[in-house]
Amino acid sequence: MPGMDQRFEASPRRRALRGLAAALAAIWLSAAPAAARTLVFCSEGNPESLNPQLVTTTTGMDAAWPVFDTLVAFEPGTTTIRPSLAEAWTISPDGRDYTFTLRQGVAFHRNARFRPTRPLTAEDVVFSIGRQWRADHPFHGVSGGQYAYFRDLGLPALIEAVEAVDARTVRIRLREADATFLPNIAMALGAIQSAEYAAALAAAGEAERLDREPIGTGPFSFVAFQPDVALRYRAFPDHWGGQPPIDSLVFSITPNAAVRLAKVRAGECHLMPFPNPGDLDGIRADPGLTLMREEELNIGYLALNVTKPPFDDLRVRRAVAMAIDKAAIVTGVYGPGGTAARSPLPPNLWGHDPTLADPPLDRAGAQRLLAEAGYPSGFEAELWYPPVSRAYNPNGRRVADMIQADLARIGVRLRLVTDEWSAYRSKMLAGVPKMALFGWTADNGDPDNFLGVLLGCVPARTGGSNIARWCDPTFDALVTKARRVTDQGTRAELYRQAQAIFRRELPWVPIAHSAVFVAARREVTGYRMDPLGRHIFRGVGLREAPGSRAGTQGGAGRVP
Amino acid sequence: MRVGHKIILVGGLPITIAALIALAGWLLLAQADRARGGAVLAGAIYRTLTLSTTVRDEFLAARPIERTDHAERFARLTAESAGSLDDLRRFARTPDQASRIEAARAALKDSIDQMQALVRITRENDGLIAEMASRADALVRLADQARDRQRAANTDLVVSLTDKASTLRQVRDVVGAVNELRALVAQAEIEALRDGGRAPSGMVQVRNAARDLAAALKGDRREAEAEELLILTAAYEAWRGGEEPGLVTADGGHARIVDSSLPSPVNVLDEWCDRVLKIDGSAQRALHDEVTQLLSYAVQANETEQATQNIALETLKLGQRTAEALRRRDVPAAAAMLEDGRRLSETAAALPISPLIQGEMIEAIDGWRERLGTTVEGLRRQNEGIAAMDGLAAVIGETARSLNEIFIDDADRFGTFLLRLLLVGAGAGLVLGSAAALAVARSITGPLRQLQRSMLALAADPGRREMGAGDVGAEVGRRRDELGDMARATAMFVEEIGRRERALRRAKEEADRTLAELRQTQSDLIQAEKLASLGQLVAGVAHEINTPLGIALTTATLVRDEARDFREVAAAGQLSRSRLTHFVDRMQEGSHLLTANLARAADLVHSFKQVAVDRVSDEHRRFPLREWLGELLRSLGPLLRRGGHRLELEAAEEFEVDTHPGALAQVITNLVKNAVVHAFADGTPGTITVAVSREGSWVRLEVRDDGRGIAAADRERIFDPFFTTARHRGSSGLGMHIVYNLVSGQLQGRIAVESREGRGTVVRVEFPACLAPAATARAAMAAQ
């Protein structure tokens, strides 16, 4: 948004009130230590890392959101940018200089190893960005050094300089104007970490702890992570936004949607994402539960690795696309929330081309194409499917099953393969699979977040999120061009052209877009579905649970 | 020096010494007392402190809610000790003592501070322990919640599983029915091929299978698909039933004939079946998977619940062990519990406990651990405090004890010193006092002795009084002290005595003479009295004798006359017989009268003689009293005759007495005479009764009259000599006096007068019937 010169400031009085409220809450809490209020979120999988800079999945980002704040944030429930750690910022007329004024007195968490001696300063911002941006940064290589998302967004090339003007002022200079910069740093990768903590860990020779035992400024401090079991957070009473209404937050890791629902019904969890489409009616009927729906910006797709045979042959890719009965999948697996996908862009996002048509379901034609490509009797291949429910794919296994059945009809014999979620994701980014079911949920409300991040040439490199490894220069040029342009109409046109190229080259078989659902217990207050698919627990509280001991035994025991 | 001064000196010296000793003793005693008081106080402090240590131990051992009492008691005791120490400062005599007391005070103050710190720490610890307990309780509560939730979850799980299982069954039914239908269609097609396009016989089965499948689909609430299937099946039947080979698609359920190159109805049906199989097959797999997951979740949830219970149980156990260690004040053991708590926390963190409470549980355990850490630290400080207090208590105790000893030693030393002082002082006082007393005594006794000698000499020879007056104190008298005074006073005294003695002697001689004259007079008077009474007697006797003698004289005269007549007659010879006889008779009668009256006179003389003898004789003799009285009273007859009074004798029996009849007679005579003279008014005859009776060895004799009695005033004086109410009638006033003397003297008896005015008088005389020999002798002597 070049030329934009805005200031956002939080009123000091409101801050004071918040502080008072926090203090009162702290007193109340210390007076009643036993009455801890714990919100349990039955999350669908393990985060691939506790450092949001290292993750690309919503699961990983969800794990980071309680702990970290970003300079700017999306207004809850929208994709509008608002101040966060930066209480104000200015953008130079040429759109290249971003000057952020940091909020005063923002406290970092503390843990057994670290006690912050100072509030947030510009140094922390420089550290957080610098670690991802500069390959020569001391922390760049820590924990594998793969900042896939940062790189996929083209940020390393975009950023020219990051500097601390003074303790509360940070200036970021871009090589060129970029409309997506603010939404990009509003994403989890823009999380601000503590340079002081990093320095302390580095001095102790335990730099990797930075990513295992994160310290942030968020409303919850990290407590513990037990893979496959739980992620635990504790409310951070000194959070600049005020004391959270709950005392602790737990992500109970439960990959199976039926089990998640069982837990929610039992009161073991308060919230669950991705219920089975088949269970939606049951959830609606349960008086103890609320079903929330959001038309999310997402895409579930079957990626065909264009760098690996036989999918380097467009005919094979077309054959596969023609053999898959997408409607059956959407009906059987996605249920009423699903829409068959024809483009990488969801239909509710601007830039989506509604005229795009799918290749017809034509098994004979598919077989012919395979024969043309030299596979008259088909071939064998591995199909990777996600082990966990995703918004874009409620049941990877069923989708895989059905694709397996469809492709079997044209002689393509698939072996279904999966892995634990974070490992699965790593394999995806590493470009291992030839065929993989994957998907994407927008992290900002920009079409670039789909086309640029998932199909551009930059993310097509190893570790990038273009798992089809498809790099079409024309396509890439169009997307890159669209990024530089501010006019949405122009950008939409560019994206329309890009989608046509995608439709022709078929690096993916787009499967479906899906509305996402969250089932929550009635006592949960203040939860808002996020159009970006995040699960955010800021400001979420718990009403005095009327049936906390036996909350699931139907409505009979519940006070209206 | 005057004797007074000497005496003051002699008396004063020991008194002064004694006073000095007493003063010194008093001072020493005061010191000793003070020291003893100090010792007692120190002892009391020692005991109080020992008690306060016990109280502190009780404080530590007490239950938290009861600690306050002990703490207050400790405060009271220590305040008491502090007060006692303050008091003890007054007893301190030496700087050493003072410094010790100061040290003890400082230590006590420290001790009090320590106790306050201890109380504070203990309170904190109690609070922490209580908090730990509440955290452990919270854990158990959480575990209970988890169990309750688990029960509810189990119920839900059963419902979920039942739902899933029924869905699974429906899907399986659909899949089974689809497979059945496909098999039958395939068989029909094979038959048709073999039979060359004729309608196969199995069409009915195909229709039935399609109906079954439709029912299964409807059971799965897929009515649209069931409709579709029935249409497809009907199209297939129609097509196979010999009609023109037409094509049917499943598009929207509307069959329409399309190009012959398009799939035949059998293909469409087969395709449809494939699709259903694909979807439902995957659904079946997914359902299987879900059921498996749910089952494993159920198992896992129950395991989790068990694990939660175990953790709670472990925590409880640990809590109990810790509480025990804390109660024993065992710091290492409690610290070891910290490690156990850490392990427990890790276990709780590692176990798949319900996330809803896992955080709380871990927090509860961690909070518990943290509190335990603080508590252990508090306990350590508490133990240090106790050790410090014990040290201080030992210091104070030792100080108090040593002070006690010092004070006792002091007291003992003062005691010993006092004893010595007393001995030495007493000895010195004795010696000094003795010496002074000796000297003073000598200076006093010398002149005194001289004086004594002079006095003795004077006593032995009052004649020396001329010389004595000058001599007594001649030497001493020159002295200016009390002895000189005394000597001079003695000289004057001696002189005075001499003068008085001479005067006395003269007076005595005078008195003696007068007395002799008086005695003479008295005896003369008594003699006169006696003689007077004798005279009266004689007069009385003469009177008595006069009668017979007169008769005898007359008779004799008559006889003489008769005889002369007779002699004349005889001489005259005129004597006749009758005359003779008459003469004889007259003679006889005359002689008889003479005899009788002379005899009577003789008797009277005889009795008078006896009375008279008695009167003048003081001999005592034995005589019959009644008879004697009769004679006596007879002799008194004349006395009474004048007034016409009667005299009666009352004597019931005759008995003999041995006494002085003279005295007795005198007594009775006087009493009777007294009665006659005084008892009756002139012209009023009365009766005087003499009553005698014997009372054992005593004789009671009463002289009673019925006269006018004696005035009370006179009664007392009745025996006084010369007392009389009738001096004008010649009474001497000696009668009753003589009576009194005779009764109490010779008769050895007693006399009493009873009289009431107007009612007569009784004079009662009691005397022994037989005189005592000695008394007799004395009486005899007295009579002389």
# chains A, B, ... in the order shown; residues from 1 in each chain; ligands from 1
call {"tool": "closest_atom_pairs", "arguments": {"of": "chain B", "to": "chain A", "cutoff": "7 Å", "atoms": "only C-alpha atoms", "output": "CSV"}}
result
residue,atom,partner,partner_atom,distance
B:Ala138,CA,A:Ala34,CA,6.4
B:Gln145,CA,A:Arg549,CA,6.0
B:Asp148,CA,A:Arg549,CA,6.1
B:Arg149,CA,A:Ala550,CA,5.6
B:Ala152,CA,A:Ala550,CA,5.8
B:Ala153,CA,A:Ala266,CA,4.4
B:Asp156,CA,A:Ala266,CA,6.7
B:Leu157,CA,A:Ala262,CA,6.3
B:Lys278,CA,A:Met402,CA,5.9
B:Ile279,CA,A:Gly332,CA,5.9
B:Ser282,CA,A:Arg398,CA,5.3
B:Ala283,CA,A:Arg398,CA,6.9
B:Ala286,CA,A:Arg398,CA,6.6
B:Glu290,CA,A:Ala258,CA,6.0
B:Gln293,CA,A:Val259,CA,6.7
B:Leu294,CA,A:Val259,CA,5.5
B:Tyr297,CA,A:Val259,CA,6.7
B:Pro352,CA,A:Val229,CA,6.4
B:Ser354,CA,A:Glu268,CA,6.6
B:Pro355,CA,A:Ser252,CA,6.2
B:Leu356,CA,A:Val40,CA,5.9
B:Glu360,CA,A:Ala36,CA,6.6
call {"tool": "write_last_selection", "arguments": {"atoms": "N, CA, C and O atoms", "output": "PDB file, in the first residue's frame"}}
result
ATOM      1  N   ALA B 138      -6.618 -30.306  46.656  1.00  0.00           N
ATOM      2  CA  ALA B 138      -7.021 -29.885  45.314  1.00  0.00           C
ATOM      3  C   ALA B 138      -6.719 -30.995  44.321  1.00  0.00           C
ATOM      4  O   ALA B 138      -7.528 -31.296  43.435  1.00  0.00           O
ATOM      5  N   GLN B 145     -12.670 -35.195  40.126  1.00  0.00           N
ATOM      6  CA  GLN B 145     -13.350 -34.578  38.986  1.00  0.00           C
ATOM      7  C   GLN B 145     -13.072 -35.387  37.729  1.00  0.00           C
ATOM      8  O   GLN B 145     -13.975 -35.664  36.941  1.00  0.00           O
ATOM      9  N   ASP B 148     -15.070 -38.436  37.719  1.00  0.00           N
ATOM     10  CA  ASP B 148     -16.463 -38.169  37.385  1.00  0.00           C
ATOM     11  C   ASP B 148     -16.619 -37.908  35.900  1.00  0.00           C
ATOM     12  O   ASP B 148     -17.517 -38.449  35.240  1.00  0.00           O
ATOM     13  N   ARG B 149     -15.693 -37.090  35.410  1.00  0.00           N
ATOM     14  CA  ARG B 149     -15.764 -36.758  33.990  1.00  0.00           C
ATOM     15  C   ARG B 149     -15.583 -38.014  33.161  1.00  0.00           C
ATOM     16  O   ARG B 149     -16.249 -38.222  32.160  1.00  0.00           O
ATOM     17  N   ALA B 152     -18.698 -39.963  32.930  1.00  0.00           N
ATOM     18  CA  ALA B 152     -19.596 -39.357  31.954  1.00  0.00           C
ATOM     19  C   ALA B 152     -19.095 -39.652  30.552  1.00  0.00           C
ATOM     20  O   ALA B 152     -19.872 -40.001  29.658  1.00  0.00           O
ATOM     21  N   ALA B 153     -17.758 -39.523  30.400  1.00  0.00           N
ATOM     22  CA  ALA B 153     -17.162 -39.745  29.091  1.00  0.00           C
ATOM     23  C   ALA B 153     -17.400 -41.180  28.648  1.00  0.00           C
ATOM     24  O   ALA B 153     -17.651 -41.444  27.467  1.00  0.00           O
ATOM     25  N   ASP B 156     -20.779 -41.410  27.275  1.00  0.00           N
ATOM     26  CA  ASP B 156     -20.793 -40.791  25.936  1.00  0.00           C
ATOM     27  C   ASP B 156     -20.134 -41.681  24.917  1.00  0.00           C
ATOM     28  O   ASP B 156     -20.607 -41.818  23.784  1.00  0.00           O
ATOM     29  N   LEU B 157     -19.022 -42.274  25.354  1.00  0.00           N
ATOM     30  CA  LEU B 157     -18.279 -43.113  24.426  1.00  0.00           C
ATOM     31  C   LEU B 157     -19.119 -44.290  23.987  1.00  0.00           C
ATOM     32  O   LEU B 157     -19.118 -44.663  22.807  1.00  0.00           O
ATOM     33  N   LYS B 278     -17.085 -47.340  -3.769  1.00  0.00           N
ATOM     34  CA  LYS B 278     -15.903 -46.519  -3.471  1.00  0.00           C
ATOM     35  C   LYS B 278     -16.146 -45.641  -2.252  1.00  0.00           C
ATOM     36  O   LYS B 278     -15.369 -45.634  -1.285  1.00  0.00           O
ATOM     37  N   ILE B 279     -17.276 -44.947  -2.316  1.00  0.00           N
ATOM     38  CA  ILE B 279     -17.567 -44.003  -1.222  1.00  0.00           C
ATOM     39  C   ILE B 279     -17.813 -44.754   0.073  1.00  0.00           C
ATOM     40  O   ILE B 279     -17.187 -44.506   1.105  1.00  0.00           O
ATOM     41  N   SER B 282     -14.809 -46.533   1.496  1.00  0.00           N
ATOM     42  CA  SER B 282     -13.895 -45.661   2.266  1.00  0.00           C
ATOM     43  C   SER B 282     -14.546 -45.222   3.563  1.00  0.00           C
ATOM     44  O   SER B 282     -13.880 -45.131   4.604  1.00  0.00           O
ATOM     45  N   ALA B 283     -15.892 -45.013   3.479  1.00  0.00           N
ATOM     46  CA  ALA B 283     -16.592 -44.631   4.701  1.00  0.00           C
ATOM     47  C   ALA B 283     -16.480 -45.756   5.713  1.00  0.00           C
ATOM     48  O   ALA B 283     -16.258 -45.521   6.910  1.00  0.00           O
ATOM     49  N   ALA B 286     -13.158 -45.735   7.140  1.00  0.00           N
ATOM     50  CA  ALA B 286     -13.015 -44.609   8.067  1.00  0.00           C
ATOM     51  C   ALA B 286     -13.764 -44.888   9.362  1.00  0.00           C
ATOM     52  O   ALA B 286     -13.262 -44.595  10.462  1.00  0.00           O
ATOM     53  N   GLU B 290     -12.448 -45.063  13.005  1.00  0.00           N
ATOM     54  CA  GLU B 290     -12.962 -44.251  14.097  1.00  0.00           C
ATOM     55  C   GLU B 290     -13.317 -45.109  15.302  1.00  0.00           C
ATOM     56  O   GLU B 290     -13.008 -44.755  16.447  1.00  0.00           O
ATOM     57  N   GLN B 293     -10.277 -46.064  16.935  1.00  0.00           N
ATOM     58  CA  GLN B 293      -9.705 -44.931  17.667  1.00  0.00           C
ATOM     59  C   GLN B 293     -10.486 -44.656  18.950  1.00  0.00           C
ATOM     60  O   GLN B 293      -9.916 -44.396  19.997  1.00  0.00           O
ATOM     61  N   LEU B 294     -11.799 -44.720  18.795  1.00  0.00           N
ATOM     62  CA  LEU B 294     -12.621 -44.445  19.967  1.00  0.00           C
ATOM     63  C   LEU B 294     -12.384 -45.482  21.049  1.00  0.00           C
ATOM     64  O   LEU B 294     -12.292 -45.159  22.237  1.00  0.00           O
ATOM     65  N   TYR B 297      -9.205 -44.843  22.504  1.00  0.00           N
ATOM     66  CA  TYR B 297      -9.335 -43.663  23.371  1.00  0.00           C
ATOM     67  C   TYR B 297      -9.982 -44.044  24.696  1.00  0.00           C
ATOM     68  O   TYR B 297      -9.554 -43.600  25.766  1.00  0.00           O
ATOM     69  N   PRO B 352      -0.483 -39.292  30.373  1.00  0.00           N
ATOM     70  CA  PRO B 352      -1.545 -38.677  29.565  1.00  0.00           C
ATOM     71  C   PRO B 352      -2.754 -38.348  30.426  1.00  0.00           C
ATOM     72  O   PRO B 352      -3.854 -38.819  30.186  1.00  0.00           O
ATOM     73  N   SER B 354      -5.758 -36.103  31.880  1.00  0.00           N
ATOM     74  CA  SER B 354      -6.674 -35.188  31.216  1.00  0.00           C
ATOM     75  C   SER B 354      -6.088 -33.785  31.203  1.00  0.00           C
ATOM     76  O   SER B 354      -5.737 -33.256  32.248  1.00  0.00           O
ATOM     77  N   PRO B 355      -5.981 -33.201  30.025  1.00  0.00           N
ATOM     78  CA  PRO B 355      -5.340 -31.878  29.941  1.00  0.00           C
ATOM     79  C   PRO B 355      -6.107 -30.832  30.735  1.00  0.00           C
ATOM     80  O   PRO B 355      -5.560 -29.823  31.132  1.00  0.00           O
ATOM     81  N   LEU B 356      -7.372 -31.142  30.951  1.00  0.00           N
ATOM     82  CA  LEU B 356      -8.202 -30.202  31.688  1.00  0.00           C
ATOM     83  C   LEU B 356      -7.647 -29.996  33.076  1.00  0.00           C
ATOM     84  O   LEU B 356      -7.738 -28.909  33.641  1.00  0.00           O
ATOM     85  N   GLU B 360      -3.363 -28.158  36.136  1.00  0.00           N
ATOM     86  CA  GLU B 360      -3.683 -27.856  37.536  1.00  0.00           C
ATOM     87  C   GLU B 360      -2.982 -28.817  38.465  1.00  0.00           C
ATOM     88  O   GLU B 360      -2.497 -28.430  39.527  1.00  0.00           O
TER      89      GLU B 360
END
call {"tool": "residues_around", "arguments": {"residues": "Arg342 of chain B", "least_positions_apart": "6", "cutoff": "12 Å", "atoms": "only C-alpha atoms", "output": "ChimeraX atom specification"}}
result
/B:315,318,335-336,348-349,362-370,372-373
call {"tool": "write_last_selection", "arguments": {"atoms": "C-alpha atoms", "output": "PDB file, in the first residue's frame"}}
result
ATOM      1  CA  THR B 315       0.668 -37.152  46.191  1.00  0.00           C
ATOM      2  CA  LEU B 318       3.911 -38.027  49.748  1.00  0.00           C
ATOM      3  CA  ALA B 335      14.172 -32.027  51.538  1.00  0.00           C
ATOM      4  CA  ALA B 336      14.200 -35.563  50.150  1.00  0.00           C
ATOM      5  CA  ALA B 348       2.248 -36.132  36.193  1.00  0.00           C
ATOM      6  CA  ALA B 349       3.576 -34.131  33.281  1.00  0.00           C
ATOM      7  CA  ILE B 362       1.208 -30.262  37.868  1.00  0.00           C
ATOM      8  CA  GLU B 363       0.722 -26.791  39.172  1.00  0.00           C
ATOM      9  CA  ALA B 364      -0.692 -28.182  42.378  1.00  0.00           C
ATOM     10  CA  ILE B 365       2.292 -30.489  42.731  1.00  0.00           C
ATOM     11  CA  ASP B 366       4.729 -27.775  41.724  1.00  0.00           C
ATOM     12  CA  GLY B 367       3.022 -25.312  44.032  1.00  0.00           C
ATOM     13  CA  TRP B 368       3.167 -27.944  46.698  1.00  0.00           C
ATOM     14  CA  ARG B 369       6.836 -28.464  45.970  1.00  0.00           C
ATOM     15  CA  GLU B 370       7.499 -24.787  45.966  1.00  0.00           C
ATOM     16  CA  LEU B 372       7.568 -27.448  50.563  1.00  0.00           C
ATOM     17  CA  GLY B 373      10.827 -25.843  49.482  1.00  0.00           C
TER      18      GLY B 373
END
call {"tool": "residues_around", "arguments": {"residues": "segment 183-187 of chain B", "least_positions_apart": "5", "cutoff": "9 Å", "atoms": "only C-alpha atoms", "output": "ChimeraX atom specification"}}
result
/B:178,192,202-203,205-206,209,266,269-270
call {"tool": "write_last_selection", "arguments": {"atoms": "all heavy atoms", "output": "PDB file, in the first residue's frame"}}
result
ATOM      1  N   VAL B 178     -24.690 -53.938  -2.418  1.00  0.00           N
ATOM      2  CA  VAL B 178     -24.139 -53.524  -3.720  1.00  0.00           C
ATOM      3  C   VAL B 178     -23.374 -54.686  -4.340  1.00  0.00           C
ATOM      4  O   VAL B 178     -23.546 -55.003  -5.528  1.00  0.00           O
ATOM      5  CB  VAL B 178     -23.226 -52.292  -3.563  1.00  0.00           C
ATOM      6  CG1 VAL B 178     -22.478 -52.035  -4.872  1.00  0.00           C
ATOM      7  CG2 VAL B 178     -24.042 -51.074  -3.188  1.00  0.00           C
ATOM      8  N   ALA B 192     -26.984 -64.035 -20.284  1.00  0.00           N
ATOM      9  CA  ALA B 192     -27.470 -63.410 -21.511  1.00  0.00           C
ATOM     10  C   ALA B 192     -26.496 -63.642 -22.659  1.00  0.00           C
ATOM     11  O   ALA B 192     -26.902 -63.967 -23.782  1.00  0.00           O
ATOM     12  CB  ALA B 192     -27.675 -61.910 -21.267  1.00  0.00           C
ATOM     13  N   GLY B 202     -32.566 -64.773 -14.271  1.00  0.00           N
ATOM     14  CA  GLY B 202     -32.254 -64.202 -12.927  1.00  0.00           C
ATOM     15  C   GLY B 202     -32.701 -62.776 -12.705  1.00  0.00           C
ATOM     16  O   GLY B 202     -32.296 -62.147 -11.740  1.00  0.00           O
ATOM     17  N   MET B 203     -33.551 -62.253 -13.615  1.00  0.00           N
ATOM     18  CA  MET B 203     -33.909 -60.842 -13.480  1.00  0.00           C
ATOM     19  C   MET B 203     -34.684 -60.562 -12.194  1.00  0.00           C
ATOM     20  O   MET B 203     -34.576 -59.494 -11.595  1.00  0.00           O
ATOM     21  CB  MET B 203     -34.730 -60.399 -14.711  1.00  0.00           C
ATOM     22  CG  MET B 203     -33.893 -60.277 -15.950  1.00  0.00           C
ATOM     23  SD  MET B 203     -32.341 -59.388 -15.692  1.00  0.00           S
ATOM     24  CE  MET B 203     -32.994 -57.740 -15.594  1.00  0.00           C
ATOM     25  N   GLN B 205     -34.217 -62.004  -9.345  1.00  0.00           N
ATOM     26  CA  GLN B 205     -33.233 -61.873  -8.251  1.00  0.00           C
ATOM     27  C   GLN B 205     -32.560 -60.514  -8.278  1.00  0.00           C
ATOM     28  O   GLN B 205     -32.341 -59.890  -7.242  1.00  0.00           O
ATOM     29  CB  GLN B 205     -32.166 -62.984  -8.350  1.00  0.00           C
ATOM     30  CG  GLN B 205     -32.682 -64.325  -7.847  1.00  0.00           C
ATOM     31  CD  GLN B 205     -32.452 -65.429  -8.840  1.00  0.00           C
ATOM     32  OE1 GLN B 205     -32.600 -65.222 -10.068  1.00  0.00           O
ATOM     33  NE2 GLN B 205     -32.100 -66.625  -8.342  1.00  0.00           N
ATOM     34  N   VAL B 206     -32.249 -60.062  -9.546  1.00  0.00           N
ATOM     35  CA  VAL B 206     -31.608 -58.739  -9.651  1.00  0.00           C
ATOM     36  C   VAL B 206     -32.532 -57.681  -9.052  1.00  0.00           C
ATOM     37  O   VAL B 206     -32.113 -56.822  -8.273  1.00  0.00           O
ATOM     38  CB  VAL B 206     -31.270 -58.409 -11.127  1.00  0.00           C
ATOM     39  CG1 VAL B 206     -30.867 -56.936 -11.262  1.00  0.00           C
ATOM     40  CG2 VAL B 206     -30.171 -59.306 -11.639  1.00  0.00           C
ATOM     41  N   ALA B 209     -32.529 -57.981  -5.336  1.00  0.00           N
ATOM     42  CA  ALA B 209     -31.272 -57.472  -4.752  1.00  0.00           C
ATOM     43  C   ALA B 209     -31.265 -55.961  -4.765  1.00  0.00           C
ATOM     44  O   ALA B 209     -30.838 -55.308  -3.796  1.00  0.00           O
ATOM     45  CB  ALA B 209     -30.063 -58.010  -5.532  1.00  0.00           C
ATOM     46  N   VAL B 266     -26.428 -51.534 -18.387  1.00  0.00           N
ATOM     47  CA  VAL B 266     -25.685 -52.401 -17.452  1.00  0.00           C
ATOM     48  C   VAL B 266     -24.402 -51.717 -16.991  1.00  0.00           C
ATOM     49  O   VAL B 266     -24.012 -51.805 -15.824  1.00  0.00           O
ATOM     50  CB  VAL B 266     -25.428 -53.789 -18.069  1.00  0.00           C
ATOM     51  CG1 VAL B 266     -24.437 -53.687 -19.216  1.00  0.00           C
ATOM     52  CG2 VAL B 266     -24.906 -54.760 -17.000  1.00  0.00           C
ATOM     53  N   LEU B 269     -25.319 -49.006 -14.480  1.00  0.00           N
ATOM     54  CA  LEU B 269     -25.590 -49.598 -13.175  1.00  0.00           C
ATOM     55  C   LEU B 269     -24.304 -50.006 -12.481  1.00  0.00           C
ATOM     56  O   LEU B 269     -24.098 -49.759 -11.265  1.00  0.00           O
ATOM     57  CB  LEU B 269     -26.514 -50.802 -13.356  1.00  0.00           C
ATOM     58  CG  LEU B 269     -26.973 -51.479 -12.059  1.00  0.00           C
ATOM     59  CD1 LEU B 269     -27.742 -50.505 -11.178  1.00  0.00           C
ATOM     60  CD2 LEU B 269     -27.848 -52.695 -12.381  1.00  0.00           C
ATOM     61  N   ASP B 270     -23.434 -50.578 -13.285  1.00  0.00           N
ATOM     62  CA  ASP B 270     -22.160 -51.040 -12.726  1.00  0.00           C
ATOM     63  C   ASP B 270     -21.332 -49.864 -12.218  1.00  0.00           C
ATOM     64  O   ASP B 270     -20.763 -49.912 -11.105  1.00  0.00           O
ATOM     65  CB  ASP B 270     -21.391 -51.795 -13.805  1.00  0.00           C
ATOM     66  CG  ASP B 270     -20.199 -52.511 -13.215  1.00  0.00           C
ATOM     67  OD1 ASP B 270     -20.369 -53.168 -12.142  1.00  0.00           O
ATOM     68  OD2 ASP B 270     -19.074 -52.361 -13.748  1.00  0.00           O
TER      69      ASP B 270
END
call {"tool": "atom_distance", "arguments": {"atom1": "atom CA of Ala186 of chain A", "atom2": "atom CA of Arg173 of chain A"}}
result
16.6 Å
call {"tool": "select_by_dssp", "arguments": {"residues": "segment 593-771 of chain B", "states": "helix (DSSP H, G or I)", "output": "ChimeraX atom specification"}}
result
/B:593-616,625-635,637-641,661-679,712-715,727-729,735-744
call {"tool": "residues_around", "arguments": {"residues": "segment 469-478 of chain A", "least_positions_apart": "2", "cutoff": "6 Å", "atoms": "only C-alpha atoms", "output": "ChimeraX atom specification"}}
result
/A:305-306,456-457,460,466-467,480-481,494,498
call {"tool": "closest_residue", "arguments": {"among": "B:His5, B:Arg449, B:Arg413, B:Arg401", "to": "Ala32 of chain B", "atoms": "only C-alpha atoms"}}
result
B:Arg413
call {"tool": "residues_around", "arguments": {"residues": "Asp220 of chain B", "least_positions_apart": "4", "cutoff": "8 Å", "atoms": "only C-alpha atoms", "output": "VMD selection string"}}
result
chain B and resid 167 170 to 171 216
call {"tool": "write_last_selection", "arguments": {"atoms": "N, CA and C atoms", "output": "mmCIF file, in the first residue's frame"}}
result
data_model
loop_
_atom_site.group_PDB
_atom_site.id
_atom_site.type_symbol
_atom_site.label_atom_id
_atom_site.label_comp_id
_atom_site.auth_asym_id
_atom_site.auth_seq_id
_atom_site.Cartn_x
_atom_site.Cartn_y
_atom_site.Cartn_z
ATOM 1 N N THR B 167 -23.866 -47.054 12.274
ATOM 2 C CA THR B 167 -23.556 -46.473 10.962
ATOM 3 C C THR B 167 -22.717 -47.450 10.144
ATOM 4 N N GLN B 170 -24.783 -50.169 8.820
ATOM 5 C CA GLN B 170 -25.570 -49.726 7.664
ATOM 6 C C GLN B 170 -24.703 -49.646 6.424
ATOM 7 N N VAL B 171 -23.536 -49.060 6.591
ATOM 8 C CA VAL B 171 -22.628 -48.930 5.449
ATOM 9 C C VAL B 171 -22.245 -50.310 4.940
ATOM 10 N N ALA B 216 -31.478 -50.832 2.131
ATOM 11 C CA ALA B 216 -30.284 -50.525 2.930
ATOM 12 C C ALA B 216 -29.921 -49.055 2.825
#
call {"tool": "atom_distance", "arguments": {"atom1": "atom CA of Ser52 of chain B", "atom2": "atom CA of Leu88 of chain B"}}
result
18.5 Å
call {"tool": "residues_around", "arguments": {"residues": "segment 622-632 of chain B", "least_positions_apart": "6", "cutoff": "7 Å", "atoms": "only C-alpha atoms", "output": "ChimeraX atom specification"}}
result
/B:607,651,654-659,665
